[in-house]
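A.B. asks: Contents are mmCIF, C-alpha atoms, pLDDT in the B column; chains and numbers go by the auth columns; file name final21.cif:
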data_entry
#
loop_
_atom_site.group_PDB
_atom_site.id
_atom_site.type_symbol
_atom_site.label_atom_id
_atom_site.label_comp_id
_atom_site.label_asym_id
_atom_site.label_seq_id
_atom_site.Cartn_x
_atom_site.Cartn_y
_atom_site.Cartn_z
_atom_site.B_iso_or_equiv
_atom_site.auth_seq_id
_atom_site.auth_asym_id
ATOM 1 C CA MET A 1 1.703 43.551 8.576 42.00 22 A
ATOM 2 C CA SER A 2 2.394 40.815 6.065 44.00 23 A
ATOM 3 C CA PHE A 3 0.824 37.421 5.838 46.00 24 A
ATOM 4 C CA ARG A 4 2.738 34.401 4.696 55.00 25 A
ATOM 5 C CA SER A 5 1.038 32.564 1.920 52.00 26 A
ATOM 6 C CA VAL A 6 0.501 28.955 2.805 54.00 27 A
ATOM 7 C CA LYS A 7 0.536 26.627 -0.157 63.00 28 A
ATOM 8 C CA VAL A 8 -2.134 23.994 0.210 61.00 29 A
ATOM 9 C CA PRO A 9 -0.821 20.580 -0.833 69.00 30 A
ATOM 10 C CA PRO A 10 -2.818 18.580 -3.372 80.00 31 A
ATOM 11 C CA ASN A 11 -5.311 16.050 -2.090 88.00 32 A
ATOM 12 C CA SER A 12 -4.038 12.657 -1.090 87.00 33 A
ATOM 13 C CA ALA A 13 -4.457 10.098 -3.838 88.00 34 A
ATOM 14 C CA SER A 14 -4.975 7.190 -1.451 92.00 35 A
ATOM 15 C CA LEU A 15 -5.478 6.286 2.164 92.00 36 A
ATOM 16 C CA ILE A 16 -1.831 5.218 2.403 94.00 37 A
ATOM 17 C CA GLU A 17 -0.660 8.655 1.261 94.00 38 A
ATOM 18 C CA ALA A 18 -3.052 10.365 3.688 93.00 39 A
ATOM 19 C CA LYS A 19 -1.747 8.247 6.586 93.00 40 A
ATOM 20 C CA ALA A 20 1.832 9.091 5.616 94.00 41 A
ATOM 21 C CA ARG A 21 0.902 12.772 5.798 94.00 42 A
ATOM 22 C CA VAL A 22 -0.569 12.208 9.264 94.00 43 A
ATOM 23 C CA PHE A 23 2.746 10.730 10.451 94.00 44 A
ATOM 24 C CA ASP A 24 4.640 13.669 8.910 94.00 45 A
ATOM 25 C CA PHE A 25 2.328 16.088 10.700 95.00 46 A
ATOM 26 C CA PHE A 26 2.825 14.242 13.990 95.00 47 A
ATOM 27 C CA ARG A 27 6.613 14.454 13.604 95.00 48 A
ATOM 28 C CA THR A 28 6.405 18.159 12.780 95.00 49 A
ATOM 29 C CA ALA A 29 4.132 18.848 15.753 95.00 50 A
ATOM 30 C CA CYS A 30 6.421 16.917 18.116 95.00 51 A
ATOM 31 C CA ARG A 31 9.482 18.768 16.846 95.00 52 A
ATOM 32 C CA SER A 32 7.780 22.076 17.594 94.00 53 A
ATOM 33 C CA ILE A 33 7.005 21.179 21.236 95.00 54 A
ATOM 34 C CA PRO A 34 10.274 22.593 22.696 95.00 55 A
ATOM 35 C CA THR A 35 9.700 25.891 20.865 93.00 56 A
ATOM 36 C CA VAL A 36 6.103 26.070 22.056 93.00 57 A
ATOM 37 C CA MET A 37 7.183 25.277 25.631 93.00 58 A
ATOM 38 C CA ASP A 38 9.668 28.170 25.496 93.00 59 A
ATOM 39 C CA ILE A 39 7.346 30.671 23.795 92.00 60 A
ATOM 40 C CA TYR A 40 4.477 30.134 26.219 92.00 61 A
ATOM 41 C CA ASN A 41 6.534 29.249 29.328 91.00 62 A
ATOM 42 C CA LEU A 42 4.690 25.973 29.842 91.00 63 A
ATOM 43 C CA ASP A 43 7.398 24.121 31.781 90.00 64 A
ATOM 44 C CA GLU A 44 5.676 24.730 35.122 88.00 65 A
ATOM 45 C CA VAL A 45 2.293 23.518 33.860 88.00 66 A
ATOM 46 C CA VAL A 46 2.924 20.535 31.590 90.00 67 A
ATOM 47 C CA THR A 47 5.768 18.316 30.420 92.00 68 A
ATOM 48 C CA LYS A 48 6.901 17.715 26.849 94.00 69 A
ATOM 49 C CA ALA A 49 5.825 14.100 27.125 93.00 70 A
ATOM 50 C CA GLN A 50 2.314 15.132 28.167 91.00 71 A
ATOM 51 C CA LEU A 51 2.017 17.479 25.181 92.00 72 A
ATOM 52 C CA ARG A 52 3.303 14.765 22.844 93.00 73 A
ATOM 53 C CA SER A 53 0.745 12.366 24.323 91.00 74 A
ATOM 54 C CA ASN A 54 -1.978 14.962 23.844 91.00 75 A
ATOM 55 C CA ILE A 55 -1.062 15.404 20.177 92.00 76 A
ATOM 56 C CA ALA A 56 -1.145 11.631 19.701 93.00 77 A
ATOM 57 C CA SER A 57 -4.546 11.358 21.385 91.00 78 A
ATOM 58 C CA GLN A 58 -5.918 14.145 19.167 90.00 79 A
ATOM 59 C CA ILE A 59 -4.777 12.180 16.122 93.00 80 A
ATOM 60 C CA ARG A 60 -6.096 8.876 17.484 93.00 81 A
ATOM 61 C CA LYS A 61 -9.524 10.452 17.973 92.00 82 A
ATOM 62 C CA HIS A 62 -9.933 10.372 14.197 92.00 83 A
ATOM 63 C CA SER A 63 -8.200 7.044 13.538 91.00 84 A
ATOM 64 C CA ASN A 64 -11.406 5.434 12.261 94.00 85 A
ATOM 65 C CA ILE A 65 -11.707 7.833 9.296 93.00 86 A
ATOM 66 C CA THR A 66 -10.863 6.188 5.994 93.00 87 A
ATOM 67 C CA ASN A 67 -11.792 8.904 3.499 94.00 88 A
ATOM 68 C CA PRO A 68 -8.546 10.566 2.300 94.00 89 A
ATOM 69 C CA LYS A 69 -10.337 13.872 1.623 93.00 90 A
ATOM 70 C CA VAL A 70 -11.588 14.062 5.202 94.00 91 A
ATOM 71 C CA ILE A 71 -8.129 13.185 6.509 94.00 92 A
ATOM 72 C CA ASP A 72 -6.633 15.942 4.333 94.00 93 A
ATOM 73 C CA MET A 73 -9.158 18.440 5.710 93.00 94 A
ATOM 74 C CA LEU A 74 -8.348 17.436 9.301 94.00 95 A
ATOM 75 C CA LEU A 75 -4.624 17.698 8.550 94.00 96 A
ATOM 76 C CA PHE A 76 -5.115 21.161 7.086 93.00 97 A
ATOM 77 C CA ASN A 77 -6.951 22.225 10.260 93.00 98 A
ATOM 78 C CA GLY A 78 -4.209 20.694 12.402 93.00 99 A
ATOM 79 C CA MET A 79 -1.463 22.449 10.431 93.00 100 A
ATOM 80 C CA GLU A 80 -3.316 25.733 10.720 93.00 101 A
ATOM 81 C CA GLU A 81 -3.663 25.279 14.494 93.00 102 A
ATOM 82 C CA LEU A 82 0.015 24.354 14.831 94.00 103 A
ATOM 83 C CA ASN A 83 1.005 27.379 12.762 93.00 104 A
ATOM 84 C CA ASN A 84 -1.110 29.660 14.966 93.00 105 A
ATOM 85 C CA VAL A 85 0.531 28.245 18.091 93.00 106 A
ATOM 86 C CA VAL A 86 4.083 28.487 16.758 92.00 107 A
ATOM 87 C CA GLU A 87 3.515 31.987 15.314 92.00 108 A
ATOM 88 C CA HIS A 88 2.326 33.062 18.788 89.00 109 A
ATOM 89 C CA ALA A 89 -1.169 33.909 17.561 89.00 110 A
ATOM 90 C CA LYS A 90 -2.623 32.408 20.730 88.00 111 A
ATOM 91 C CA GLN A 91 -2.155 33.438 24.308 90.00 112 A
ATOM 92 C CA ARG A 92 -0.825 31.213 27.062 89.00 113 A
ATOM 93 C CA HIS A 93 -4.178 30.704 28.745 86.00 114 A
ATOM 94 C CA HIS A 94 -5.648 29.504 25.430 86.00 115 A
ATOM 95 C CA LEU A 95 -3.080 26.715 25.233 86.00 116 A
ATOM 96 C CA ILE A 96 -3.458 25.780 28.870 87.00 117 A
ATOM 97 C CA GLY A 97 -7.243 25.675 28.615 86.00 118 A
ATOM 98 C CA GLN A 98 -7.306 23.801 25.334 85.00 119 A
ATOM 99 C CA TYR A 99 -4.409 21.362 25.619 82.00 120 A
ATOM 100 C CA VAL A 100 -3.642 21.008 29.326 81.00 121 A
ATOM 101 C CA VAL A 101 -6.809 21.407 31.409 79.00 122 A
ATOM 102 C CA GLY A 102 -9.299 20.639 28.638 66.00 123 A
ATOM 103 C CA GLU A 103 -7.673 17.302 27.841 55.00 124 A
ATOM 104 C CA GLY A 104 -7.491 15.956 31.371 48.00 125 A
ATOM 105 C CA LEU A 105 -3.776 16.425 31.941 49.00 126 A
ATOM 106 C CA VAL A 106 -4.403 18.222 35.221 49.00 127 A
ATOM 107 C CA GLN A 107 -4.540 15.572 37.939 48.00 128 A
ATOM 108 C CA ASP A 108 -5.266 17.842 40.872 49.00 129 A
ATOM 109 C CA LEU A 109 -9.002 18.473 40.498 48.00 130 A
ATOM 110 C CA ASP A 110 -10.086 16.955 43.821 50.00 131 A
ATOM 111 C CA THR A 111 -8.572 19.827 45.835 52.00 132 A
ATOM 112 C CA LYS A 112 -10.539 22.395 43.821 55.00 133 A
ATOM 113 C CA ASP A 113 -13.868 20.603 44.258 50.00 134 A
ATOM 114 C CA GLN A 114 -14.422 21.617 47.866 57.00 135 A
ATOM 115 C CA GLY A 115 -17.710 23.443 48.310 58.00 136 A
ATOM 116 C CA LEU A 116 -19.197 22.244 45.001 67.00 137 A
ATOM 117 C CA SER A 117 -22.373 20.234 44.666 75.00 138 A
ATOM 118 C CA GLU A 118 -22.196 16.531 43.804 80.00 139 A
ATOM 119 C CA PHE A 119 -23.611 17.316 40.368 79.00 140 A
ATOM 120 C CA LEU A 120 -20.766 19.730 39.559 75.00 141 A
ATOM 121 C CA LYS A 121 -18.144 17.351 40.939 75.00 142 A
ATOM 122 C CA ASN A 122 -19.442 14.552 38.704 76.00 143 A
ATOM 123 C CA PHE A 123 -19.695 16.933 35.753 75.00 144 A
ATOM 124 C CA TYR A 124 -16.071 18.047 36.107 72.00 145 A
ATOM 125 C CA LYS A 125 -14.844 14.499 36.569 73.00 146 A
ATOM 126 C CA THR A 126 -16.558 13.246 33.421 72.00 147 A
ATOM 127 C CA ASN A 127 -15.282 16.159 31.349 60.00 148 A
ATOM 128 C CA TYR A 128 -11.700 16.093 32.554 55.00 149 A
ATOM 129 C CA PHE A 129 -10.962 12.386 32.893 49.00 150 A
#
Rewrite the coordinates I just gave you, this time as structure tokens.

C.D. replies:
Amino acid sequence: MSFRSVKVPPNSASLIEAKARVFDFFRTACRSIPTVMDIYNLDEVVTKAQLRSNIASQIRKHSNITNPKVIDMLLFNGMEELNNVVEHAKQRHHLIGQYVVGEGLVQDLDTKDQGLSEFLKNFYKTNYF
């Protein structure tokens, strides 16, 4: 078993450089979507557009951060996650739970709520929508 050595890029010198790296990461992640869809057989669960939207929303979550070092750390974590997904280090149910159901892309929750208490119905709605 051999591990590829990942060369960590130097820290961003400015916020502009950090933002440029974010856009590069977004492009790379979007280009890997068809491969990920094929590897994990996700066509029946989610569309490419939904995954692209999910990636964008993950990036937008941290849009208020202005410290280039923090942005670099988040980018490193994102690249590591993307590498794990593309290298098939995760299983299908991990992706579905983390990026499809966990992010509110599943629209069909009302049919599964039958027999649940009002508290659980409200809990699921607030966590999935």

A.B. asks: Find the residues of range 55-76 of chain A that sit at most 10 Å from range 101-109 of chain A; for each, write down the nearest two atoms and how far apart they are in Å, to one decimal. Count only C-alpha atoms. Sort by chain, then by number going up, and give it as a tab-separated table.

C.D. replies:
residue	atom	partner	partner_atom	distance
A:Thr56	CA	A:Val107	CA	7.4
A:Val57	CA	A:Val107	CA	6.2
A:Met58	CA	A:Val107	CA	9.9
A:Ile60	CA	A:His109	CA	7.5
A:Tyr61	CA	A:His109	CA	8.3

A.B. asks: Apply the PyMOL selection byres ((chain A and resi 32) around 7) to the structure shown and report the selected residues as a list in words.

C.D. replies: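 Against this file, the PyMOL selection byres ((chain A and resi 32) around 7) returns the residues Pro30, Pro31, Ser33, Ala34, Lys90 and Asp93 of chain A.
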
A.B. asks: Write the residues of the preceding selection, restricted to C-alpha atoms, as an mmCIF file, in the coordinates of the input.

C.D. replies:
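The resulting file, out_18.cif, is reproduced below:
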data_model
loop_
_atom_site.group_PDB
_atom_site.id
_atom_site.type_symbol
_atom_site.label_atom_id
_atom_site.label_comp_id
_atom_site.auth_asym_id
_atom_site.auth_seq_id
_atom_site.Cartn_x
_atom_site.Cartn_y
_atom_site.Cartn_z
ATOM 1 C CA PRO A 30 -0.821 20.580 -0.833
ATOM 2 C CA PRO A 31 -2.818 18.580 -3.372
ATOM 3 C CA SER A 33 -4.038 12.657 -1.090
ATOM 4 C CA ALA A 34 -4.457 10.098 -3.838
ATOM 5 C CA LYS A 90 -10.337 13.872 1.623
ATOM 6 C CA ASP A 93 -6.633 15.942 4.333
#

A.B. asks: Have a look at CA of Leu96 in chain A and CA of Asn62 in chain A and let me know their distance in Å, one decimal.

C.D. replies: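 CA of Asn62 in chain A lies 26.3 Å from CA of Leu96 in chain A.
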
A.B. asks: Determine the nearest neighbour of Val122 in chain A from the options A:Ile92, A:Arg48, A:Ser84, A:Leu72, counting all atoms listed in the file.

C.D. replies: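 The answer is A:Leu72, which sits nearest to Val122 in chain A.
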
A.B. asks: Under the rule that only C-alpha atoms are counted, which of A:Lys40, A:Lys111, A:Lys146, A:Arg52 is the nearest residue to Leu95 in chain A?

C.D. replies: A:Lys40

A.B. asks: Considering all atoms listed in the file, return as a short mmCIF file (atom, residue, chain, number, x, y, z; two decimals) with C-alpha atoms, in the coordinates of the input whatever protein or nucleic-acid residues lie within 12 Å of Ala70 in chain A, sequence-local ones (same chain, fewer than 6 positions apart) excluded.

C.D. replies:
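The resulting file, selection27.cif, is shown below:
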data_model
loop_
_atom_site.label_atom_id
_atom_site.label_comp_id
_atom_site.auth_asym_id
_atom_site.auth_seq_id
_atom_site.Cartn_x
_atom_site.Cartn_y
_atom_site.Cartn_z
CA CYS A 51 6.42 16.92 18.12
CA ARG A 52 9.48 18.77 16.85
CA ILE A 54 7.00 21.18 21.24
CA PRO A 55 10.27 22.59 22.70
CA MET A 58 7.18 25.28 25.63
CA ASP A 64 7.40 24.12 31.78
CA ILE A 76 -1.06 15.40 20.18
CA ALA A 77 -1.14 11.63 19.70
CA VAL A 121 -3.64 21.01 29.33
CA LEU A 126 -3.78 16.42 31.94
#

A.B. asks: Return the single residue from A:Gly118, A:Pro89, A:Gln112, A:Tyr145 that is closest to Arg42 in chain A, with distances computed using all atoms listed in the file.

C.D. replies: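 Ranking A:Gly118, A:Pro89, A:Gln112, A:Tyr145 by distance to Arg42 in chain A, first place goes to A:Pro89.
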
A.B. asks: Which one is closest to Lys69 in chain A: A:Ala41, A:Val91, A:His114, A:Tyr120? Count all atoms listed in the file.

C.D. replies: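 Using all atoms listed in the file, the shortest distance to Lys69 in chain A belongs to A:Tyr120.
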
A.B. asks: With all atoms listed in the file as the atoms that count, which of A:Ile117, A:Ala110, A:Gly99, A:Thr147 lies nearest to Asp45 in chain A?

C.D. replies: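 Residue with the minimum atom-to-atom distance to Asp45 in chain A: A:Gly99.
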
A.B. asks: To one decimal place in Å, what is the distance between CA of Ala39 in chain A and CA of Asn98 in chain A?

C.D. replies: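 Distance between the two atoms: 14.1 Å.
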
A.B. asks: Work out where the centre of an axis-aligned box around every listed atom of range 93-111 of chain A lies and how long its edges are once 3 Å is added on each side; give both in Å to one decimal as AutoDock Vina command-line options.

C.D. replies:
--center_x -2.5 --center_y 24.9 --center_z 12.5 --size_x 19.2 --size_y 24.0 --size_z 22.4

A.B. asks: Can you tell me how far CA of Leu63 in chain A sits from CA of Ile80 in chain A, in Å to one decimal?

C.D. replies: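 So the answer is 21.6 Å.
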
A.B. asks: Which residue gives the smallest distance to Leu116 in chain A among A:Asn75, A:Ser138, A:Asn143, A:Asn88, with only C-alpha atoms counted?

C.D. replies: A:Asn75
